[in-house]
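*Asks:* My structure is in start16.csv, and what it holds is CSV, C-alpha atoms and all ligand atoms:
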chain,number,residue,atom,x,y,z
A,100,MET,CA,28.4,1.9,1.1
A,101,THR,CA,25.2,0.0,0.3
A,102,PHE,CA,24.5,-3.2,2.1
A,103,HIS,CA,23.4,-5.9,-0.3
A,104,LEU,CA,20.9,-8.4,1.1
A,105,LYS,CA,21.3,-11.9,-0.4
A,106,LYS,CA,18.4,-12.6,-2.7
A,107,ALA,CA,16.7,-16.0,-2.6
A,108,LEU,CA,14.5,-17.6,-5.2
A,109,GLY,CA,12.2,-20.6,-5.0
A,110,ILE,CA,11.8,-22.2,-8.4
A,111,ASP,CA,9.4,-24.8,-9.8
A,112,LEU,CA,10.4,-25.8,-13.3
A,113,GLY,CA,7.2,-27.6,-14.4
A,114,THR,CA,6.5,-29.3,-17.7
A,115,ASP,CA,3.6,-26.9,-18.2
A,116,LEU,CA,4.4,-23.9,-16.1
A,117,THR,CA,7.5,-22.3,-14.7
A,118,ARG,CA,7.0,-20.5,-11.4
A,119,VAL,CA,9.3,-18.4,-9.4
A,120,TYR,CA,8.9,-17.1,-5.8
A,121,LEU,CA,11.1,-14.2,-4.7
A,122,LYS,CA,12.0,-14.0,-1.0
A,123,GLY,CA,10.2,-11.2,0.7
A,124,VAL,CA,7.9,-10.6,-2.3
A,125,GLY,CA,6.0,-13.7,-3.4
A,126,LEU,CA,5.1,-15.3,-6.7
A,127,VAL,CA,6.8,-13.2,-9.4
A,128,VAL,CA,6.7,-15.6,-12.4
A,129,ASN,CA,3.9,-18.0,-13.4
A,130,GLU,CA,4.3,-18.6,-17.1
A,131,PRO,CA,4.0,-21.5,-19.6
A,132,SER,CA,7.3,-23.4,-20.0
A,133,ILE,CA,7.5,-22.7,-23.7
A,134,VAL,CA,10.2,-21.2,-26.0
A,135,ALA,CA,9.6,-20.0,-29.6
A,136,PHE,CA,12.8,-20.3,-31.6
A,137,ASN,CA,13.7,-18.9,-35.0
A,138,ASN,CA,15.6,-21.5,-37.0
A,139,ARG,CA,16.8,-19.0,-39.6
A,140,THR,CA,18.4,-16.6,-37.1
A,141,ASN,CA,19.1,-19.3,-34.4
A,142,ARG,CA,17.5,-17.0,-31.8
A,143,VAL,CA,14.8,-17.2,-29.3
A,144,VAL,CA,11.9,-15.0,-30.3
A,145,ALA,CA,9.5,-15.4,-27.4
A,146,VAL,CA,9.0,-17.3,-24.1
A,147,GLY,CA,6.1,-18.0,-21.8
A,148,SER,CA,2.6,-17.0,-22.7
A,149,GLU,CA,3.7,-15.1,-25.8
A,150,ALA,CA,5.4,-18.2,-27.1
A,151,LYS,CA,2.3,-20.3,-26.2
A,152,LYS,CA,0.2,-18.3,-28.6
A,153,MET,CA,2.6,-19.4,-31.3
A,154,LEU,CA,2.6,-23.1,-30.3
A,155,ALA,CA,0.1,-24.6,-32.8
A,156,ARG,CA,0.3,-21.9,-35.5
A,157,THR,CA,4.0,-21.4,-36.1
A,158,PRO,CA,5.4,-20.6,-39.6
A,159,ALA,CA,7.9,-23.1,-40.9
A,160,HIS,CA,11.0,-21.2,-39.6
A,161,ILE,CA,9.7,-20.8,-36.0
A,162,THR,CA,9.7,-23.8,-33.7
A,163,ALA,CA,7.8,-23.6,-30.4
A,164,LEU,CA,9.2,-26.1,-27.9
A,165,ARG,CA,8.9,-27.2,-24.3
A,166,PRO,CA,12.3,-27.4,-22.8
A,167,ILE,CA,11.0,-29.3,-19.7
A,168,THR,CA,9.5,-32.8,-20.4
A,169,HIS,CA,8.1,-35.0,-17.7
A,170,GLY,CA,9.5,-32.5,-15.1
A,171,ILE,CA,13.0,-33.0,-16.4
A,172,ILE,CA,15.2,-30.6,-18.4
A,173,ALA,CA,15.0,-31.9,-22.0
A,174,ASP,CA,16.8,-28.9,-23.7
A,175,PHE,CA,19.3,-27.3,-21.4
A,176,ASP,CA,20.1,-24.1,-23.4
A,177,MET,CA,16.5,-23.4,-24.1
A,178,ALA,CA,15.5,-23.9,-20.5
A,179,ARG,CA,18.2,-21.6,-19.3
A,180,GLU,CA,17.3,-18.9,-21.8
A,181,MET,CA,13.6,-19.2,-20.8
A,182,LEU,CA,14.3,-18.8,-17.1
A,183,GLU,CA,16.7,-16.0,-17.6
A,184,ARG,CA,14.2,-14.1,-19.8
A,185,PHE,CA,11.4,-14.6,-17.2
A,186,LEU,CA,13.6,-13.1,-14.5
A,187,LYS,CA,14.9,-10.3,-16.6
A,188,ARG,CA,11.3,-9.3,-17.5
A,189,GLU,CA,10.6,-9.1,-13.8
A,190,LYS,CA,13.7,-7.0,-13.4
A,191,LEU,CA,15.3,-9.6,-11.4
A,192,PRO,CA,18.9,-9.6,-12.4
A,193,TRP,CA,20.9,-12.5,-11.3
A,194,SER,CA,23.9,-11.9,-9.2
A,195,TRP,CA,26.4,-13.9,-7.2
A,196,THR,CA,24.3,-13.1,-4.2
A,197,THR,CA,21.3,-15.0,-5.5
A,198,GLU,CA,20.6,-18.3,-3.7
A,199,ALA,CA,18.1,-20.7,-5.3
A,200,VAL,CA,15.8,-23.5,-4.0
A,201,VAL,CA,14.6,-25.6,-6.9
A,202,SER,CA,12.0,-28.4,-6.8
A,203,VAL,CA,12.7,-31.6,-8.7
A,204,PRO,CA,10.7,-34.8,-9.3
A,205,THR,CA,11.5,-37.8,-7.2
A,206,SER,CA,14.0,-40.5,-8.2
A,207,LEU,CA,15.9,-38.5,-10.7
A,208,THR,CA,19.3,-39.8,-11.8
A,209,GLU,CA,22.4,-37.9,-10.6
A,210,VAL,CA,22.9,-36.6,-14.1
A,211,GLU,CA,19.4,-35.2,-14.2
A,212,ARG,CA,19.8,-33.5,-10.9
A,213,LYS,CA,23.1,-32.1,-11.8
A,214,SER,CA,21.6,-30.7,-14.9
A,215,VAL,CA,19.1,-28.6,-12.8
A,216,GLU,CA,21.9,-27.5,-10.6
A,217,ASP,CA,24.1,-26.5,-13.5
A,218,LEU,CA,21.2,-24.6,-15.1
A,219,LEU,CA,20.9,-22.4,-12.0
A,220,ARG,CA,24.6,-22.1,-11.5
A,221,GLU,CA,25.3,-21.0,-15.0
A,222,SER,CA,22.6,-18.4,-14.7
A,223,GLY,CA,24.4,-17.1,-11.7
A,224,ALA,CA,22.8,-18.5,-8.6
A,225,SER,CA,24.9,-19.9,-5.8
A,226,PRO,CA,24.4,-22.0,-3.8
A,227,VAL,CA,21.7,-24.0,-5.4
A,228,HIS,CA,19.5,-26.3,-3.2
A,229,LEU,CA,17.3,-29.1,-4.6
A,230,VAL,CA,14.2,-30.4,-2.9
A,231,GLU,CA,11.9,-33.2,-4.1
A,232,GLN,CA,8.5,-32.1,-5.3
A,233,PRO,CA,6.3,-34.1,-2.9
A,234,LEU,CA,8.3,-32.6,0.0
A,235,ALA,CA,8.0,-29.1,-1.4
A,236,ALA,CA,4.3,-29.7,-1.8
A,237,ALA,CA,4.1,-30.8,1.9
A,238,PHE,CA,5.7,-27.5,2.9
A,239,GLY,CA,3.2,-25.7,0.6
A,240,ILE,CA,0.3,-27.4,2.3
A,241,ARG,CA,1.9,-26.7,5.7
A,242,LEU,CA,1.7,-30.3,6.8
A,243,ALA,CA,3.4,-31.1,10.1
A,244,ILE,CA,5.8,-33.5,8.4
A,245,ASP,CA,8.3,-33.5,11.2
A,246,GLU,CA,6.0,-35.5,13.4
A,247,PRO,CA,6.1,-39.2,13.8
A,248,THR,CA,3.2,-39.9,11.5
A,249,ALA,CA,2.9,-40.4,7.7
A,250,PHE,CA,1.4,-38.4,4.9
A,251,LEU,CA,0.7,-39.4,1.4
A,252,ILE,CA,1.1,-36.7,-1.2
A,253,ILE,CA,0.2,-37.0,-4.9
A,254,ASP,CA,1.4,-34.3,-7.3
A,255,MET,CA,-0.4,-34.7,-10.6
A,256,GLY,CA,1.2,-32.3,-13.0
A,257,ALA,CA,1.3,-32.0,-16.8
A,258,GLY,CA,4.2,-34.3,-17.4
A,259,THR,CA,4.3,-36.5,-14.4
A,260,THR,CA,2.4,-37.9,-11.4
A,261,ASP,CA,4.7,-38.0,-8.5
A,262,ALA,CA,3.5,-39.7,-5.3
A,263,ALA,CA,5.3,-40.1,-2.0
A,264,ILE,CA,4.8,-41.2,1.5
A,265,LEU,CA,6.5,-38.8,3.9
A,266,SER,CA,7.4,-39.4,7.5
A,267,LEU,CA,9.7,-37.6,9.9
A,268,SER,CA,10.5,-35.0,7.3
A,269,GLY,CA,11.7,-37.5,4.8
A,270,ILE,CA,10.4,-39.5,1.8
A,271,VAL,CA,9.9,-43.1,2.8
A,272,VAL,CA,8.7,-44.5,-0.5
A,273,SER,CA,7.8,-42.8,-3.8
A,274,ARG,CA,6.6,-43.5,-7.3
A,275,ARG,CA,6.9,-41.4,-10.4
A,276,LEU,CA,4.9,-42.0,-13.5
A,277,LYS,CA,5.2,-40.2,-16.8
A,278,ILE,CA,1.4,-39.7,-16.9
A,279,GLY,CA,0.0,-36.3,-16.3
A,280,GLY,CA,-2.2,-33.7,-18.1
A,281,ASP,CA,-0.3,-33.9,-21.3
A,282,TYR,CA,-0.8,-37.7,-21.5
A,283,LEU,CA,-4.5,-37.2,-20.9
A,284,ASN,CA,-4.6,-34.7,-23.7
A,285,ALA,CA,-2.9,-37.2,-26.1
A,286,GLU,CA,-5.6,-39.8,-25.2
A,287,ILE,CA,-8.3,-37.3,-26.1
A,288,VAL,CA,-6.6,-36.5,-29.4
A,289,ARG,CA,-6.5,-40.3,-30.1
A,290,GLY,CA,-10.2,-40.8,-29.0
A,291,MET,CA,-11.3,-38.0,-31.3
A,292,ARG,CA,-9.4,-39.5,-34.2
A,293,ASP,CA,-10.5,-43.1,-33.7
A,294,GLU,CA,-14.1,-42.6,-32.7
A,295,PHE,CA,-15.1,-39.3,-34.3
A,296,LYS,CA,-12.7,-39.4,-37.3
A,297,LEU,CA,-11.7,-35.9,-36.4
A,298,ALA,CA,-8.2,-34.6,-36.2
A,299,ILE,CA,-7.7,-32.1,-33.4
A,300,GLY,CA,-4.6,-30.3,-32.0
A,301,GLU,CA,-3.4,-30.3,-28.4
A,302,PRO,CA,-5.0,-27.0,-27.5
A,303,THR,CA,-8.5,-28.4,-28.5
A,304,ALA,CA,-7.8,-31.5,-26.5
A,305,GLU,CA,-7.0,-29.3,-23.5
A,306,GLU,CA,-10.2,-27.4,-24.1
A,307,ILE,CA,-12.3,-30.7,-24.1
A,308,LYS,CA,-10.5,-31.8,-20.9
A,309,LEU,CA,-11.3,-28.6,-19.1
A,310,ALA,CA,-14.9,-28.4,-20.4
A,311,VAL,CA,-16.1,-31.9,-20.0
A,312,GLY,CA,-13.2,-34.1,-18.7
A,313,SER,CA,-13.9,-36.3,-15.7
A,314,VAL,CA,-12.8,-39.6,-14.3
A,315,MET,CA,-16.0,-40.5,-12.5
A,316,ALA,CA,-19.6,-39.7,-13.3
A,317,THR,CA,-20.5,-36.5,-11.4
A,318,GLY,CA,-24.3,-36.6,-12.0
A,319,GLU,CA,-24.3,-33.7,-14.3
A,320,ARG,CA,-24.1,-34.3,-18.1
A,321,LEU,CA,-21.5,-32.2,-19.9
A,322,GLU,CA,-21.1,-31.5,-23.5
A,323,VAL,CA,-18.8,-29.3,-25.6
A,324,VAL,CA,-18.7,-28.5,-29.3
A,325,VAL,CA,-15.3,-28.5,-30.9
A,326,ARG,CA,-13.9,-28.1,-34.4
A,327,GLY,CA,-11.2,-30.0,-36.2
A,328,ARG,CA,-10.3,-31.6,-39.5
A,329,ASP,CA,-12.3,-34.5,-40.9
A,330,ILE,CA,-9.9,-37.3,-41.5
A,331,ALA,CA,-11.7,-38.7,-44.6
A,332,SER,CA,-12.5,-35.4,-46.4
A,333,GLY,CA,-9.7,-33.3,-45.0
A,334,LEU,CA,-12.1,-30.5,-44.5
A,335,PRO,CA,-13.1,-28.6,-41.3
A,336,ARG,CA,-16.0,-30.0,-39.3
A,337,GLU,CA,-17.5,-29.5,-35.9
A,338,THR,CA,-18.8,-32.1,-33.5
A,339,SER,CA,-20.1,-32.4,-29.9
A,340,VAL,CA,-18.3,-34.4,-27.3
A,341,LYS,CA,-19.8,-35.8,-24.1
A,342,ASP,CA,-18.2,-36.3,-20.6
A,343,SER,CA,-19.0,-40.1,-20.8
A,344,GLN,CA,-17.0,-40.5,-23.9
A,345,VAL,CA,-14.0,-38.6,-22.5
A,346,ARG,CA,-14.2,-40.7,-19.3
A,347,LEU,CA,-13.7,-43.9,-21.3
A,348,TRP,CA,-10.6,-42.4,-23.0
A,349,LEU,CA,-9.1,-41.4,-19.6
A,350,ALA,CA,-9.8,-44.8,-17.9
A,351,ARG,CA,-6.6,-46.5,-18.9
A,352,PRO,CA,-4.1,-43.8,-17.7
A,353,MET,CA,-6.2,-43.5,-14.5
A,354,ARG,CA,-5.8,-47.2,-13.9
A,355,ALA,CA,-2.1,-46.9,-14.3
A,356,ILE,CA,-2.0,-44.2,-11.6
A,357,VAL,CA,-4.2,-46.2,-9.2
A,358,ASP,CA,-2.0,-49.3,-9.7
A,359,ALA,CA,1.2,-47.3,-9.0
A,360,LEU,CA,-0.4,-45.9,-5.8
A,361,LYS,CA,-1.5,-49.3,-4.6
A,362,ASP,CA,1.9,-50.7,-5.3
A,363,MET,CA,3.6,-47.9,-3.4
A,364,ILE,CA,1.4,-48.3,-0.4
A,365,GLU,CA,2.0,-52.0,-0.4
A,366,THR,CA,5.8,-51.5,-0.1
A,367,ALA,CA,5.4,-49.1,2.9
A,368,PRO,CA,5.7,-50.3,6.4
A,369,PRO,CA,2.2,-51.3,7.9
A,370,GLU,CA,2.4,-48.6,10.6
A,371,LEU,CA,2.7,-45.9,7.9
A,372,ALA,CA,-0.3,-47.4,6.0
A,373,GLY,CA,-2.3,-46.9,9.2
A,374,ASP,CA,-1.2,-43.3,9.5
A,375,ILE,CA,-2.2,-42.6,5.9
A,376,TYR,CA,-5.6,-44.1,6.6
A,377,LYS,CA,-6.0,-41.7,9.5
A,378,ASN,CA,-4.5,-38.6,7.7
A,379,GLY,CA,-5.9,-39.1,4.2
A,380,MET,CA,-4.1,-38.4,1.0
A,381,TYR,CA,-3.3,-34.9,-0.3
A,382,LEU,CA,-3.8,-34.2,-4.0
A,383,CYS,CA,-1.9,-31.3,-5.7
A,384,GLY,CA,-0.9,-30.2,-9.2
A,385,GLY,CA,-3.1,-29.1,-12.0
A,386,THR,CA,-4.4,-32.5,-13.0
A,387,ALA,CA,-5.8,-33.0,-9.5
A,388,LEU,CA,-8.4,-30.5,-10.6
A,389,LEU,CA,-9.9,-33.0,-13.1
A,390,ARG,CA,-13.5,-33.7,-12.1
A,391,GLY,CA,-13.9,-36.8,-10.0
A,392,ILE,CA,-10.2,-37.5,-9.2
A,393,ALA,CA,-10.6,-37.4,-5.4
A,394,ASP,CA,-13.7,-39.6,-5.6
A,395,LEU,CA,-12.0,-42.1,-7.9
A,396,LEU,CA,-8.9,-42.3,-5.6
A,397,MET,CA,-11.0,-42.6,-2.5
A,398,LYS,CA,-13.0,-45.5,-4.1
A,399,GLU,CA,-9.9,-47.3,-5.3
A,400,ILE,CA,-7.5,-46.8,-2.4
A,401,GLY,CA,-10.1,-46.7,0.4
A,402,VAL,CA,-8.6,-43.6,2.0
A,403,ARG,CA,-10.0,-40.0,2.2
A,404,ALA,CA,-8.6,-37.8,-0.6
A,405,LEU,CA,-8.2,-34.1,0.0
A,406,LEU,CA,-7.7,-31.6,-2.9
A,407,VAL,CA,-5.4,-29.0,-1.5
A,408,GLU,CA,-6.1,-25.3,-1.8
A,409,ASP,CA,-4.7,-23.8,-5.1
A,410,PRO,CA,-3.2,-27.1,-6.3
A,411,LEU,CA,-1.4,-25.4,-9.2
A,412,THR,CA,0.9,-23.3,-7.0
A,413,CYS,CA,1.3,-25.8,-4.1
A,414,VAL,CA,4.9,-26.8,-5.0
A,415,VAL,CA,6.2,-23.2,-5.7
A,416,ARG,CA,4.6,-22.0,-2.4
A,417,GLY,CA,6.5,-24.8,-0.7
A,418,VAL,CA,9.9,-23.8,-2.2
A,419,GLY,CA,9.0,-20.2,-1.4
A,420,ILE,CA,8.5,-21.1,2.3
A,421,VAL,CA,12.0,-22.7,2.1
A,422,ALA,CA,13.5,-19.6,0.3
A,423,GLU,CA,12.2,-17.4,3.1
A,424,ASN,CA,14.3,-19.2,5.7
A,425,ILE,CA,16.9,-21.5,4.1
A,426,PRO,CA,18.9,-22.2,7.2
A,427,ALA,CA,15.8,-23.6,9.0
A,428,TYR,CA,15.3,-26.1,6.2
A,429,ALA,CA,18.9,-26.9,5.4
A,430,HIS,CA,18.8,-30.4,6.8
A,431,LEU,CA,15.9,-31.3,4.5
A,432,LEU,CA,17.5,-30.0,1.3
A,433,ASN,CA,19.6,-31.9,-1.2
A,434,ASN,CA,18.6,-35.1,0.6
A,435,PHE,CA,18.9,-37.8,-2.0
A,436,PRO,CA,19.8,-41.4,-1.6
A,437,GLY,CA,23.6,-41.3,-2.1
A,438,PRO,CA,25.8,-44.0,-3.6
A,439,LYS,CA,25.9,-47.1,-1.5
A,440,VAL,CA,29.1,-47.3,0.5
A,441,LYS,CA,30.5,-50.8,1.1
A,442,ASP,CA,32.2,-51.4,4.4
B,501,LIG,N1,-9.4,-27.7,-14.2
B,501,LIG,C1,-8.5,-28.6,-14.7
B,501,LIG,N2,-8.9,-29.9,-15.0
B,501,LIG,C2,-8.0,-30.8,-15.5
B,501,LIG,N3,-6.7,-30.5,-15.7
B,501,LIG,C3,-6.3,-29.3,-15.4
B,501,LIG,C4,-7.1,-28.3,-14.9
B,501,LIG,N4,-6.4,-27.1,-14.7
B,501,LIG,C5,-5.1,-27.5,-15.1
B,501,LIG,N5,-5.1,-28.7,-15.5
B,501,LIG,C6,-3.9,-29.4,-16.0
B,501,LIG,O1,-2.9,-29.3,-15.1
B,501,LIG,C7,-1.6,-29.4,-15.8
B,501,LIG,C8,-0.7,-28.4,-15.2
B,501,LIG,O2,-0.5,-28.7,-13.9
B,501,LIG,P1,0.8,-28.2,-13.1
B,501,LIG,O3,1.0,-26.8,-13.3
B,501,LIG,O4,0.7,-28.8,-11.8
B,501,LIG,O5,1.9,-29.0,-14.0
B,501,LIG,P2,3.5,-28.8,-14.0
B,501,LIG,O6,4.0,-28.5,-12.6
B,501,LIG,O7,3.9,-27.7,-15.0
B,501,LIG,O8,4.0,-30.2,-14.6
B,501,LIG,P3,4.9,-31.3,-13.9
B,501,LIG,O9,4.9,-31.1,-12.4
B,501,LIG,O10,4.4,-32.6,-14.4
B,501,LIG,O11,6.3,-31.1,-14.4
B,501,LIG,C9,-1.9,-29.3,-17.3
B,501,LIG,O12,-1.7,-30.5,-17.9
B,501,LIG,C10,-3.3,-28.8,-17.3
B,501,LIG,O13,-4.0,-29.3,-18.4
B,502,MG,MG,4.6,-29.7,-11.1
Any chance you could put this one into structure tokens?

*Replies:*
Amino acid sequence: MTFHLKKALGIDLGTDLTRVYLKGVGLVVNEPSIVAFNNRTNRVVAVGSEAKKMLARTPAHITALRPITHGIIADFDMAREMLERFLKREKLPWSWTTEAVVSVPTSLTEVERKSVEDLLRESGASPVHLVEQPLAAAFGIRLAIDEPTAFLIIDMGAGTTDAAILSLSGIVVSRRLKIGGDYLNAEIVRGMRDEFKLAIGEPTAEEIKLAVGSVMATGERLEVVVRGRDIASGLPRETSVKDSQVRLWLARPMRAIVDALKDMIETAPPELAGDIYKNGMYLCGGTALLRGIADLLMKEIGVRALLVEDPLTCVVRGVGIVAENIPAYAHLLNNFPGPKVKD
């Protein structure tokens, strides 16, 4: 008789990327959260990087969609099919012995949380544990969050910016904003249209952001040449874009993030504000890689900002650490403010 060891997965269903950690192995999936769907046959034709290639250039009968929006499941069936295909490709068949730890944004509604649980259950995992993203990030950074001091974590992803103050292994206050890398890209598309009279797609906006995007002047002047469609003539045209222009387009969303952080810190007990001053704030998520983010936050908040190592995988490494030893973290999982009980 063979002895089956229980499998455990750590999952980060991101707006931009889906990542899966397999207990005892490591990161096994790191793929774009995109599904290409054939409307004629009603079937999924591709997922992940293969589907991403189709995103901006799909023929009429193929739709490329993102089943996760702002970190929340927007299309349940597509999200399930996407995750199942990723795991099948890695030869990771689901079985009733698969346990899953999934990271979720803060302050989700019960319905939104249940949707994540159902997705994993319907795919065959049981039990399913949920952990809030800033907490997962703190595990990933290996912060000593069980100590009587406070940490400020800011996870800037593609769909959301999720910030939280943690103390004694719990979230004391948090703020979630629907502003992330996708929003910044949309601002670049708008800036190009309004100021350069050039229509560009999302992939070109992303290219501009990565090549010259910044939120504070860095001293080096950056410039990139991009192509698009001239709004007046309707014909292809190329133009060059400078970092200073992009910085102006990104100023408004950055302001919103700074205001939300200030507001969150103001609502925290003063002792914790003191701890944060001492410990600094930790930046993770892909958008934390934008040039000048740490400097801008330091200037505005007055606290040291530290960009964590490998910010893109910080959350999945955190859920991975939990998946390696679920019983040790059991008291920190599924910890959400429950319904208020009247006495
Ligand atoms: N060097 C970089 N500079 C600026 N932005 C970057 C850089 N690298 C990645 N990004 C952005 O990071 C985002 C992806 O980050 P991440 O993988 O943390 O998001 P996610 O977890 O999928 O989304 P969310 O947590 O919001 O659901 C994308 O919007 C991408 O454009
Ligand atoms: Mg994320």

*Asks:* Do you know which residues are at most 8 Å from segment 406-411 of chain A counting all atoms listed in the file, after dropping those on the same chain fewer than 4 positions away, and could you put them as a list in words?

*Replies:*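 Skipping anything fewer than 4 positions along the chain leaves Ile240, Tyr381, Leu382, Cys383, Gly384, Gly385, Ala387, Leu388 and Ala393 of chain A.
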
*Asks:* Just the number, please: distance in Å from atom CA of Leu297 of chain A to atom CA of Gly333 of chain A, one decimal.

*Replies:*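 One can read the atom CA of Leu297 of chain A to atom CA of Gly333 of chain A distance as 9.2 Å.
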
*Asks:* Please identify every polymer residue within 6 Å of ligand LIG 501 (chain B), using only C-alpha atoms and all ligand atoms, and present the set as a ChimeraX atom specification.

*Replies:* /A:113-116,169-170,256-259,280-281,305,309,384-386,388-389,411

*Asks:* Can you pull out every residue within 8 Å of segment 160-162 of chain A, counting all atoms listed in the file, but drop anything in the same chain fewer than 6 positions away, and send it as a PyMOL selection string?

*Replies:* chain A and resi 135-139+154

*Asks:* So what do you get for atom CA of Ser202 of chain A versus atom CA of Val230 of chain A, distance-wise?

*Replies:*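 Separation between atom CA of Ser202 of chain A and atom CA of Val230 of chain A: 4.9 Å.
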
*Asks:* Counting only C-alpha atoms, figure out which residue out of A:Ala331, A:Leu321, A:Ile244, A:Val345 gets nearest to Ile287 of chain A.

*Replies:*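 For Ile287 of chain A, the nearest of the given residues is A:Val345.
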
*Asks:* Find the residue from A:Arg184, A:Pro302, A:Gly125, A:Arg275 that sits nearest to Met153 of chain A; use all atoms listed in the file when measuring.

*Replies:*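 Among A:Arg184, A:Pro302, A:Gly125, A:Arg275, it is A:Pro302 that comes nearest to Met153 of chain A.
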
*Asks:* With distances taken over only C-alpha atoms and all ligand atoms, which residue among A:Thr260, A:Thr208, A:Thr140, A:Ser268 lies nearest ligand MG 502 (chain B)?

*Replies:*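 The shortest atom-to-atom distance to ligand MG 502 (chain B) comes from A:Thr260.
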
*Asks:* Excluding Ile356 of chain A and residues on its chain fewer than 4 positions from it, collect all residues at most 10 Å away from it, counting all atoms listed in the file, and give them as a PyMOL selection string.

*Replies:* chain A and resi 255+260-262+274-279+351-352+360-362+396

*Asks:* Please indicate the distance in Å from atom CA of Lys296 of chain A to atom CA of Ile330 of chain A, rounded to one decimal place.

*Replies:*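 Computed distance, atom CA of Lys296 of chain A to atom CA of Ile330 of chain A, equals 5.5 Å.
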
*Asks:* Find the residues around Ser148 of chain A up to 9 Å (all atoms listed in the file counted), leave out those fewer than 5 positions away in its own chain, and share them as a ChimeraX atom specification.

*Replies:* /A:130-133,153

*Asks:* Could you tell me which of A:Leu191, A:Val200, A:Asp245, A:Ile172 comes closest to Pro426 of chain A if we count all atoms listed in the file?

*Replies:*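 Ranked by minimum distance to Pro426 of chain A, first place goes to A:Val200.
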
*Asks:* Given all atoms listed in the file as the basis, pick out the residue of A:Leu347, A:Ile264, A:Ala427, A:Val421 nearest to Tyr376 of chain A.

*Replies:* A:Ile264
